[in-house]
Amino acid sequence: MFKRMLSAFGVGGPSVDTVLDSPHATPGQVVTGQVRIQGGSADAEIGQVVLSLVTRVEVERGDHEYAGVSEFLRVVVQQGVRVAAGQLVAIPFQLPIPWETPITAVGGGQLPGMTVGVRTELVIAGAPDKGDLDPVLVHPLPSQDAVLNAFGQLGFSFRSADVEAGRLHGVPQELGFYQEIEFFPPAQFAGAVQQVELTFVANPHELFVILEADRRGGMFSSGGDAFGHFHLSHQEAEVADWASSINGWLAQVAQRGGGMHGHHGVHGHHGGHHGRGGMGMGTVVAAGAAGVVGGMVVGEMMDDAFEDFGDFGGE
């Protein structure tokens with residue numbers, strides 16, 4: 001997508017352009033493409049061609065929160081690449097998308113605040129030359145989509161999304177961060193609950209769904225967080241009656257101020273979606289995004305998000 005001169009070789013040096021066969025992916029898939037290196041006015045030797053997946057992560061330190069860039073996959077696609085003057089060298093690659101990769105696209109549009117990119121790095125004379133980022137739109141798995149659609153059916157409205165550094169209690173994680181998708185609750189629960197955060201942790205066989213409700217404090221009750229924890233196979237999650245389970249959990253939180261934890265708290269579908277006429281998740285996110293980002297065009301959001309990556313030094 002971005003053709004870039006390699007500064008290490010000076011004027012007339014080679015340029016690099018990483019081209020993805022498709023920018024669309026889901027967790028567990030493989031992204032393919034080519035790193036194209038165009039020779040300059042003289043021969044050049046490149047020690048390594050490295051590709052990595054990166055995302056923006058919020059890190060809490062004490063009372064402060066910092067944004068940084070986290071590299072969560074790194075692959076050396078080729079070593080010892082000789083590029084003759086004027087020659088085009090095309091290096092094909094396959095990049096596996098980890099199962100815990102944050103979702104960045106829902107319902108055909110980008111999820112506001114979320115960015116995942118492929119970064120190209122060329123190691124020249126032992127020094128890394130970190131290049132630009134090519135955005136990847138990571139779509140939900142069918143099992144995750146079933147949960148998101150239930151949020152739409154129940155009348156939740158999208159608030160924001162980010163990636164937090166850290167680990168979740170009692171959930172097997174491979175990556176050192178997790179995504180939080182925040183929603184305003186349906187109208188009937190707005191008096192008791194301020195917001196609900198949804199986190200997915202997937203692996204090849206299972207989906208963990210973690211819900212966190214931020215309860216409002218009242219005259220005779222204190223606020224605080226309540227948690228829900230569901231754990232199913234992908235096949236079970238695709239057909240589960242998430243709308244009933246999430247609604248039941250939220251009703252319990254609102255009434256008793258407690259969380260429902262359940263591996264068995266999700267029931268199978270018995271035809272249809274309970275006759276609820278709620279919006280699909282894509283519509284919910286699109287409507288929320290219009291408020292969050294003031295109607296910015298998705299393409300501009302992508303460009304701006306990836307320009308911001310250059311401002312963060314830490315890995």
# chains A, B, ... in the order shown; residues from 1 in each chain; ligands from 1
call {"tool": "select_by_dssp", "arguments": {"residues": "region 21-119 of chain A", "states": "strand (DSSP E)", "output": "ChimeraX atom specification"}}
result
/A:24-25,30-38,44-61,64-83,88-96,105-106,109-110,116-119
call {"tool": "closest_atom_pairs", "arguments": {"of": "region 55-144 of chain A", "to": "region 177-198 of chain A", "cutoff": "8 Å", "atoms": "only C-alpha atoms", "output": "CSV"}}
result
residue,atom,partner,partner_atom,distance
A:Val57,CA,A:Phe177,CA,7.6
A:Glu100,CA,A:Tyr178,CA,7.7
A:Pro102,CA,A:Gln179,CA,5.8
A:Ile103,CA,A:Gln179,CA,7.9
call {"tool": "closest_residue", "arguments": {"among": "A:Thr18, A:Thr101, A:Thr120, A:Gln78", "to": "Leu51 (chain A)", "atoms": "only C-alpha atoms"}}
result
A:Thr120
call {"tool": "atom_distance", "arguments": {"atom1": "CA of Gln235 (chain A)", "atom2": "CA of Val163 (chain A)"}}
result
26.1 Å
call {"tool": "select_by_dssp", "arguments": {"residues": "region 74-251 of chain A", "states": "helix (DSSP H, G or I)", "output": "PyMOL selection string"}}
result
chain A and resi 142-154+187-189+234-239+242-251
call {"tool": "write_last_selection", "arguments": {"atoms": "N, CA and C atoms", "output": "mmCIF file, in the first residue's frame"}}
result
data_model
loop_
_atom_site.group_PDB
_atom_site.id
_atom_site.type_symbol
_atom_site.label_atom_id
_atom_site.label_comp_id
_atom_site.auth_asym_id
_atom_site.auth_seq_id
_atom_site.Cartn_x
_atom_site.Cartn_y
_atom_site.Cartn_z
ATOM 1 N N PRO A 142 -17.908 -16.097 13.420
ATOM 2 C CA PRO A 142 -19.361 -16.311 13.518
ATOM 3 C C PRO A 142 -19.850 -16.430 14.956
ATOM 4 N N SER A 143 -19.051 -17.068 15.815
ATOM 5 C CA SER A 143 -19.439 -17.208 17.227
ATOM 6 C C SER A 143 -19.471 -15.848 17.920
ATOM 7 N N GLN A 144 -18.510 -14.974 17.594
ATOM 8 C CA GLN A 144 -18.483 -13.632 18.182
ATOM 9 C C GLN A 144 -19.614 -12.774 17.620
ATOM 10 N N ASP A 145 -19.883 -12.955 16.335
ATOM 11 C CA ASP A 145 -20.965 -12.217 15.682
ATOM 12 C C ASP A 145 -22.303 -12.498 16.352
ATOM 13 N N ALA A 146 -22.515 -13.756 16.774
ATOM 14 C CA ALA A 146 -23.773 -14.121 17.426
ATOM 15 C C ALA A 146 -23.967 -13.319 18.709
ATOM 16 N N VAL A 147 -22.886 -13.105 19.459
ATOM 17 C CA VAL A 147 -22.958 -12.317 20.694
ATOM 18 C C VAL A 147 -23.224 -10.847 20.361
ATOM 19 N N LEU A 148 -22.488 -10.314 19.398
ATOM 20 C CA LEU A 148 -22.653 -8.910 19.022
ATOM 21 C C LEU A 148 -24.068 -8.636 18.517
ATOM 22 N N ASN A 149 -24.618 -9.561 17.743
ATOM 23 C CA ASN A 149 -25.977 -9.371 17.239
ATOM 24 C C ASN A 149 -26.994 -9.347 18.373
ATOM 25 N N ALA A 150 -26.750 -10.147 19.418
ATOM 26 C CA ALA A 150 -27.651 -10.136 20.575
ATOM 27 C C ALA A 150 -27.633 -8.763 21.251
ATOM 28 N N PHE A 151 -26.455 -8.129 21.341
ATOM 29 C CA PHE A 151 -26.383 -6.777 21.905
ATOM 30 C C PHE A 151 -27.243 -5.817 21.091
ATOM 31 N N GLY A 152 -27.219 -5.967 19.776
ATOM 32 C CA GLY A 152 -28.051 -5.128 18.923
ATOM 33 C C GLY A 152 -29.528 -5.389 19.129
ATOM 34 N N GLN A 153 -29.906 -6.663 19.204
ATOM 35 C CA GLN A 153 -31.315 -7.023 19.391
ATOM 36 C C GLN A 153 -31.863 -6.489 20.707
ATOM 37 N N LEU A 154 -31.040 -6.487 21.736
ATOM 38 C CA LEU A 154 -31.499 -6.084 23.072
ATOM 39 C C LEU A 154 -31.581 -4.576 23.251
ATOM 40 N N ALA A 187 -32.572 0.809 27.530
ATOM 41 C CA ALA A 187 -33.244 1.856 28.316
ATOM 42 C C ALA A 187 -33.766 1.348 29.653
ATOM 43 N N GLN A 188 -34.292 0.103 29.676
ATOM 44 C CA GLN A 188 -34.909 -0.377 30.920
ATOM 45 C C GLN A 188 -33.885 -0.613 32.027
ATOM 46 N N PHE A 189 -32.585 -0.686 31.680
ATOM 47 C CA PHE A 189 -31.546 -0.917 32.691
ATOM 48 C C PHE A 189 -30.698 0.336 32.950
ATOM 49 N N HIS A 234 -17.094 -22.924 19.767
ATOM 50 C CA HIS A 234 -17.542 -22.004 18.713
ATOM 51 C C HIS A 234 -18.872 -22.474 18.137
ATOM 52 N N GLN A 235 -19.026 -23.781 17.962
ATOM 53 C CA GLN A 235 -20.269 -24.313 17.392
ATOM 54 C C GLN A 235 -21.448 -24.020 18.310
ATOM 55 N N GLU A 236 -21.261 -24.207 19.617
ATOM 56 C CA GLU A 236 -22.334 -23.916 20.572
ATOM 57 C C GLU A 236 -22.656 -22.424 20.593
ATOM 58 N N ALA A 237 -21.605 -21.602 20.547
ATOM 59 C CA ALA A 237 -21.806 -20.152 20.631
ATOM 60 C C ALA A 237 -22.552 -19.609 19.419
ATOM 61 N N GLU A 238 -22.368 -20.242 18.262
ATOM 62 C CA GLU A 238 -23.036 -19.763 17.053
ATOM 63 C C GLU A 238 -24.550 -19.901 17.132
ATOM 64 N N VAL A 239 -25.045 -20.914 17.845
ATOM 65 C CA VAL A 239 -26.490 -21.180 17.879
ATOM 66 C C VAL A 239 -27.107 -20.866 19.244
ATOM 67 N N TRP A 242 -28.124 -16.016 22.925
ATOM 68 C CA TRP A 242 -27.364 -15.012 23.676
ATOM 69 C C TRP A 242 -28.257 -13.894 24.197
ATOM 70 N N ALA A 243 -29.286 -13.540 23.419
ATOM 71 C CA ALA A 243 -30.142 -12.423 23.848
ATOM 72 C C ALA A 243 -30.787 -12.725 25.196
ATOM 73 N N SER A 244 -31.322 -13.944 25.370
ATOM 74 C CA SER A 244 -31.951 -14.305 26.643
ATOM 75 C C SER A 244 -30.927 -14.347 27.774
ATOM 76 N N SER A 245 -29.756 -14.914 27.491
ATOM 77 C CA SER A 245 -28.735 -15.061 28.532
ATOM 78 C C SER A 245 -28.206 -13.712 28.993
ATOM 79 N N ILE A 246 -27.907 -12.817 28.038
ATOM 80 C CA ILE A 246 -27.378 -11.492 28.394
ATOM 81 C C ILE A 246 -28.444 -10.681 29.113
ATOM 82 N N ASN A 247 -29.680 -10.767 28.625
ATOM 83 C CA ASN A 247 -30.777 -10.041 29.252
ATOM 84 C C ASN A 247 -30.998 -10.533 30.688
ATOM 85 N N GLY A 248 -30.936 -11.854 30.876
ATOM 86 C CA GLY A 248 -31.115 -12.423 32.212
ATOM 87 C C GLY A 248 -30.007 -12.010 33.162
ATOM 88 N N TRP A 249 -28.777 -12.025 32.641
ATOM 89 C CA TRP A 249 -27.640 -11.617 33.473
ATOM 90 C C TRP A 249 -27.779 -10.155 33.887
ATOM 91 N N LEU A 250 -28.158 -9.298 32.933
ATOM 92 C CA LEU A 250 -28.250 -7.871 33.220
ATOM 93 C C LEU A 250 -29.399 -7.587 34.191
ATOM 94 N N ALA A 251 -30.493 -8.329 34.061
ATOM 95 C CA ALA A 251 -31.615 -8.160 34.988
ATOM 96 C C ALA A 251 -31.188 -8.526 36.405
#
call {"tool": "residues_around", "arguments": {"residues": "region 21-35 of chain A", "least_positions_apart": "5", "cutoff": "9 Å", "atoms": "only C-alpha atoms", "output": "ChimeraX atom specification"}}
result
/A:16,49,89-103,105,120,134-141,202-204
call {"tool": "closest_residue", "arguments": {"among": "A:Gly224, A:Pro112, A:Pro128, A:Gly117", "to": "Val50 (chain A)", "atoms": "only C-alpha atoms"}}
result
A:Pro128
call {"tool": "closest_residue", "arguments": {"among": "A:Pro172, A:Gly108, A:Gly166, A:Gly12", "to": "Arg61 (chain A)", "atoms": "only C-alpha atoms"}}
result
A:Gly166
call {"tool": "closest_residue", "arguments": {"among": "A:Val106, A:Ala127, A:Val209, A:Val201", "to": "Phe158 (chain A)", "atoms": "only C-alpha atoms"}}
result
A:Val106
call {"tool": "residues_around", "arguments": {"residues": "Gly86 (chain A)", "least_positions_apart": "5", "cutoff": "7 Å", "atoms": "only C-alpha atoms", "output": "number ranges by chain"}}
result
A: 38-41
call {"tool": "write_last_selection", "arguments": {"atoms": "all heavy atoms", "output": "compact mmCIF listing (two decimals), in the first residue's frame"}}
result
# COMPACT_ATOMS: atom_id res chain seq x y z
N GLN A 38 11.86 -2.66 -4.77
CA GLN A 38 12.29 -2.16 -6.07
C GLN A 38 13.72 -1.63 -5.95
O GLN A 38 13.98 -0.72 -5.15
CB GLN A 38 11.36 -1.04 -6.55
CG GLN A 38 11.77 -0.38 -7.86
CD GLN A 38 11.70 -1.35 -9.04
OE1 GLN A 38 10.67 -1.95 -9.29
NE2 GLN A 38 12.81 -1.50 -9.76
N GLY A 39 14.63 -2.24 -6.72
CA GLY A 39 16.03 -1.82 -6.67
C GLY A 39 16.22 -0.38 -7.11
O GLY A 39 15.48 0.12 -7.97
N GLY A 40 17.21 0.27 -6.50
CA GLY A 40 17.51 1.66 -6.84
C GLY A 40 18.62 1.75 -7.88
O GLY A 40 18.74 0.90 -8.76
N SER A 41 19.47 2.76 -7.70
CA SER A 41 20.52 3.00 -8.70
C SER A 41 21.77 2.14 -8.45
O SER A 41 22.68 2.12 -9.28
CB SER A 41 20.92 4.49 -8.68
OG SER A 41 21.29 4.89 -7.38
call {"tool": "residues_around", "arguments": {"residues": "Ile124 (chain A)", "least_positions_apart": "5", "cutoff": "8 Å", "atoms": "only C-alpha atoms", "output": "mmCIF file with N, CA and C atoms, in the first residue's frame"}}
result
data_model
loop_
_atom_site.group_PDB
_atom_site.id
_atom_site.type_symbol
_atom_site.label_atom_id
_atom_site.label_comp_id
_atom_site.auth_asym_id
_atom_site.auth_seq_id
_atom_site.Cartn_x
_atom_site.Cartn_y
_atom_site.Cartn_z
ATOM 1 N N ALA A 8 18.183 4.089 4.791
ATOM 2 C CA ALA A 8 19.527 3.605 5.128
ATOM 3 C C ALA A 8 20.461 3.626 3.921
ATOM 4 N N GLU A 45 21.971 -4.911 -0.275
ATOM 5 C CA GLU A 45 21.878 -6.160 0.494
ATOM 6 C C GLU A 45 21.016 -5.898 1.722
ATOM 7 N N ILE A 46 19.962 -6.693 1.865
ATOM 8 C CA ILE A 46 19.047 -6.557 3.005
ATOM 9 C C ILE A 46 19.163 -7.808 3.850
ATOM 10 N N GLY A 47 19.484 -7.647 5.143
ATOM 11 C CA GLY A 47 19.733 -8.794 6.015
ATOM 12 C C GLY A 47 18.486 -9.614 6.302
ATOM 13 N N GLN A 48 17.384 -8.943 6.650
ATOM 14 C CA GLN A 48 16.131 -9.638 6.974
ATOM 15 C C GLN A 48 14.944 -8.808 6.520
ATOM 16 N N ASP A 129 14.976 -0.956 9.931
ATOM 17 C CA ASP A 129 14.342 0.178 9.259
ATOM 18 C C ASP A 129 12.842 -0.105 9.292
#
call {"tool": "residues_around", "arguments": {"residues": "Asp225 (chain A)", "least_positions_apart": "5", "cutoff": "7 Å", "atoms": "only C-alpha atoms", "output": "list in words"}}
result
Glu212, Ala213, Asp214 and Arg215 of chain A
call {"tool": "write_last_selection", "arguments": {"atoms": "all heavy atoms", "output": "mmCIF file, in the first residue's frame"}}
result
data_model
loop_
_atom_site.group_PDB
_atom_site.id
_atom_site.type_symbol
_atom_site.label_atom_id
_atom_site.label_comp_id
_atom_site.auth_asym_id
_atom_site.auth_seq_id
_atom_site.Cartn_x
_atom_site.Cartn_y
_atom_site.Cartn_z
ATOM 1 N N GLU A 212 -18.792 -7.153 31.817
ATOM 2 C CA GLU A 212 -18.585 -6.365 33.036
ATOM 3 C C GLU A 212 -19.583 -5.219 33.038
ATOM 4 O O GLU A 212 -19.611 -4.412 32.106
ATOM 5 C CB GLU A 212 -17.156 -5.818 33.103
ATOM 6 C CG GLU A 212 -16.883 -4.988 34.340
ATOM 7 C CD GLU A 212 -15.459 -4.445 34.399
ATOM 8 O OE1 GLU A 212 -14.615 -4.880 33.584
ATOM 9 O OE2 GLU A 212 -15.196 -3.589 35.259
ATOM 10 N N ALA A 213 -20.421 -5.163 34.069
ATOM 11 C CA ALA A 213 -21.403 -4.095 34.197
ATOM 12 C C ALA A 213 -20.924 -3.104 35.255
ATOM 13 O O ALA A 213 -20.532 -3.496 36.352
ATOM 14 C CB ALA A 213 -22.771 -4.667 34.593
ATOM 15 N N ASP A 214 -20.961 -1.843 34.907
ATOM 16 C CA ASP A 214 -20.608 -0.766 35.841
ATOM 17 C C ASP A 214 -21.914 -0.263 36.450
ATOM 18 O O ASP A 214 -22.695 0.438 35.802
ATOM 19 C CB ASP A 214 -19.881 0.344 35.072
ATOM 20 C CG ASP A 214 -19.377 1.453 35.985
ATOM 21 O OD1 ASP A 214 -19.541 1.311 37.215
ATOM 22 O OD2 ASP A 214 -18.842 2.444 35.476
ATOM 23 N N ARG A 215 -22.155 -0.665 37.703
ATOM 24 C CA ARG A 215 -23.422 -0.332 38.353
ATOM 25 C C ARG A 215 -23.421 1.101 38.872
ATOM 26 O O ARG A 215 -22.413 1.595 39.369
ATOM 27 C CB ARG A 215 -23.686 -1.282 39.534
ATOM 28 C CG ARG A 215 -23.893 -2.720 39.136
ATOM 29 C CD ARG A 215 -24.491 -3.493 40.308
ATOM 30 N NE ARG A 215 -23.700 -3.362 41.523
ATOM 31 C CZ ARG A 215 -22.800 -4.263 41.931
ATOM 32 N NH1 ARG A 215 -22.584 -5.343 41.222
ATOM 33 N NH2 ARG A 215 -22.119 -4.090 43.041
#
call {"tool": "residues_around", "arguments": {"residues": "Asp43 (chain A)", "least_positions_apart": "4", "cutoff": "9 Å", "atoms": "only C-alpha atoms", "output": "list in words"}}
result
Gly13, Pro14, Gly39, Arg82, Val83, Ala84, Ala85, Gly86 and Gln87 of chain A
call {"tool": "write_last_selection", "arguments": {"atoms": "N, CA and C atoms", "output": "PDB file, in the first residue's frame"}}
result
ATOM      1  N   GLY A  13      18.427   4.794  -3.315  1.00  0.00           N
ATOM      2  CA  GLY A  13      18.356   3.455  -2.741  1.00  0.00           C
ATOM      3  C   GLY A  13      17.067   2.756  -3.129  1.00  0.00           C
ATOM      4  N   PRO A  14      16.919   1.494  -2.741  1.00  0.00           N
ATOM      5  CA  PRO A  14      15.703   0.754  -3.080  1.00  0.00           C
ATOM      6  C   PRO A  14      14.487   1.262  -2.308  1.00  0.00           C
ATOM      7  N   GLY A  39      14.632  -2.237  -6.720  1.00  0.00           N
ATOM      8  CA  GLY A  39      16.028  -1.823  -6.673  1.00  0.00           C
ATOM      9  C   GLY A  39      16.217  -0.384  -7.114  1.00  0.00           C
ATOM     10  N   ARG A  82      19.296 -10.047  -1.730  1.00  0.00           N
ATOM     11  CA  ARG A  82      20.135  -9.181  -2.579  1.00  0.00           C
ATOM     12  C   ARG A  82      19.247  -8.572  -3.661  1.00  0.00           C
ATOM     13  N   VAL A  83      19.279  -7.240  -3.735  1.00  0.00           N
ATOM     14  CA  VAL A  83      18.451  -6.527  -4.710  1.00  0.00           C
ATOM     15  C   VAL A  83      19.382  -5.805  -5.681  1.00  0.00           C
ATOM     16  N   ALA A  84      19.391  -6.274  -6.909  1.00  0.00           N
ATOM     17  CA  ALA A  84      20.243  -5.644  -7.928  1.00  0.00           C
ATOM     18  C   ALA A  84      19.643  -4.297  -8.339  1.00  0.00           C
ATOM     19  N   ALA A  85      20.498  -3.429  -8.850  1.00  0.00           N
ATOM     20  CA  ALA A  85      20.052  -2.102  -9.294  1.00  0.00           C
ATOM     21  C   ALA A  85      18.920  -2.252 -10.313  1.00  0.00           C
ATOM     22  N   GLY A  86      17.806  -1.551 -10.033  1.00  0.00           N
ATOM     23  CA  GLY A  86      16.687  -1.552 -10.975  1.00  0.00           C
ATOM     24  C   GLY A  86      15.815  -2.798 -10.946  1.00  0.00           C
ATOM     25  N   GLN A  87      16.185  -3.802 -10.151  1.00  0.00           N
ATOM     26  CA  GLN A  87      15.442  -5.062 -10.148  1.00  0.00           C
ATOM     27  C   GLN A  87      14.278  -5.000  -9.155  1.00  0.00           C
TER      28      GLN A  87
END
call {"tool": "closest_residue", "arguments": {"among": "A:Ile37, A:Gly107, A:Ala44, A:Asp162", "to": "Glu121 (chain A)", "atoms": "only C-alpha atoms"}}
result
A:Ile37
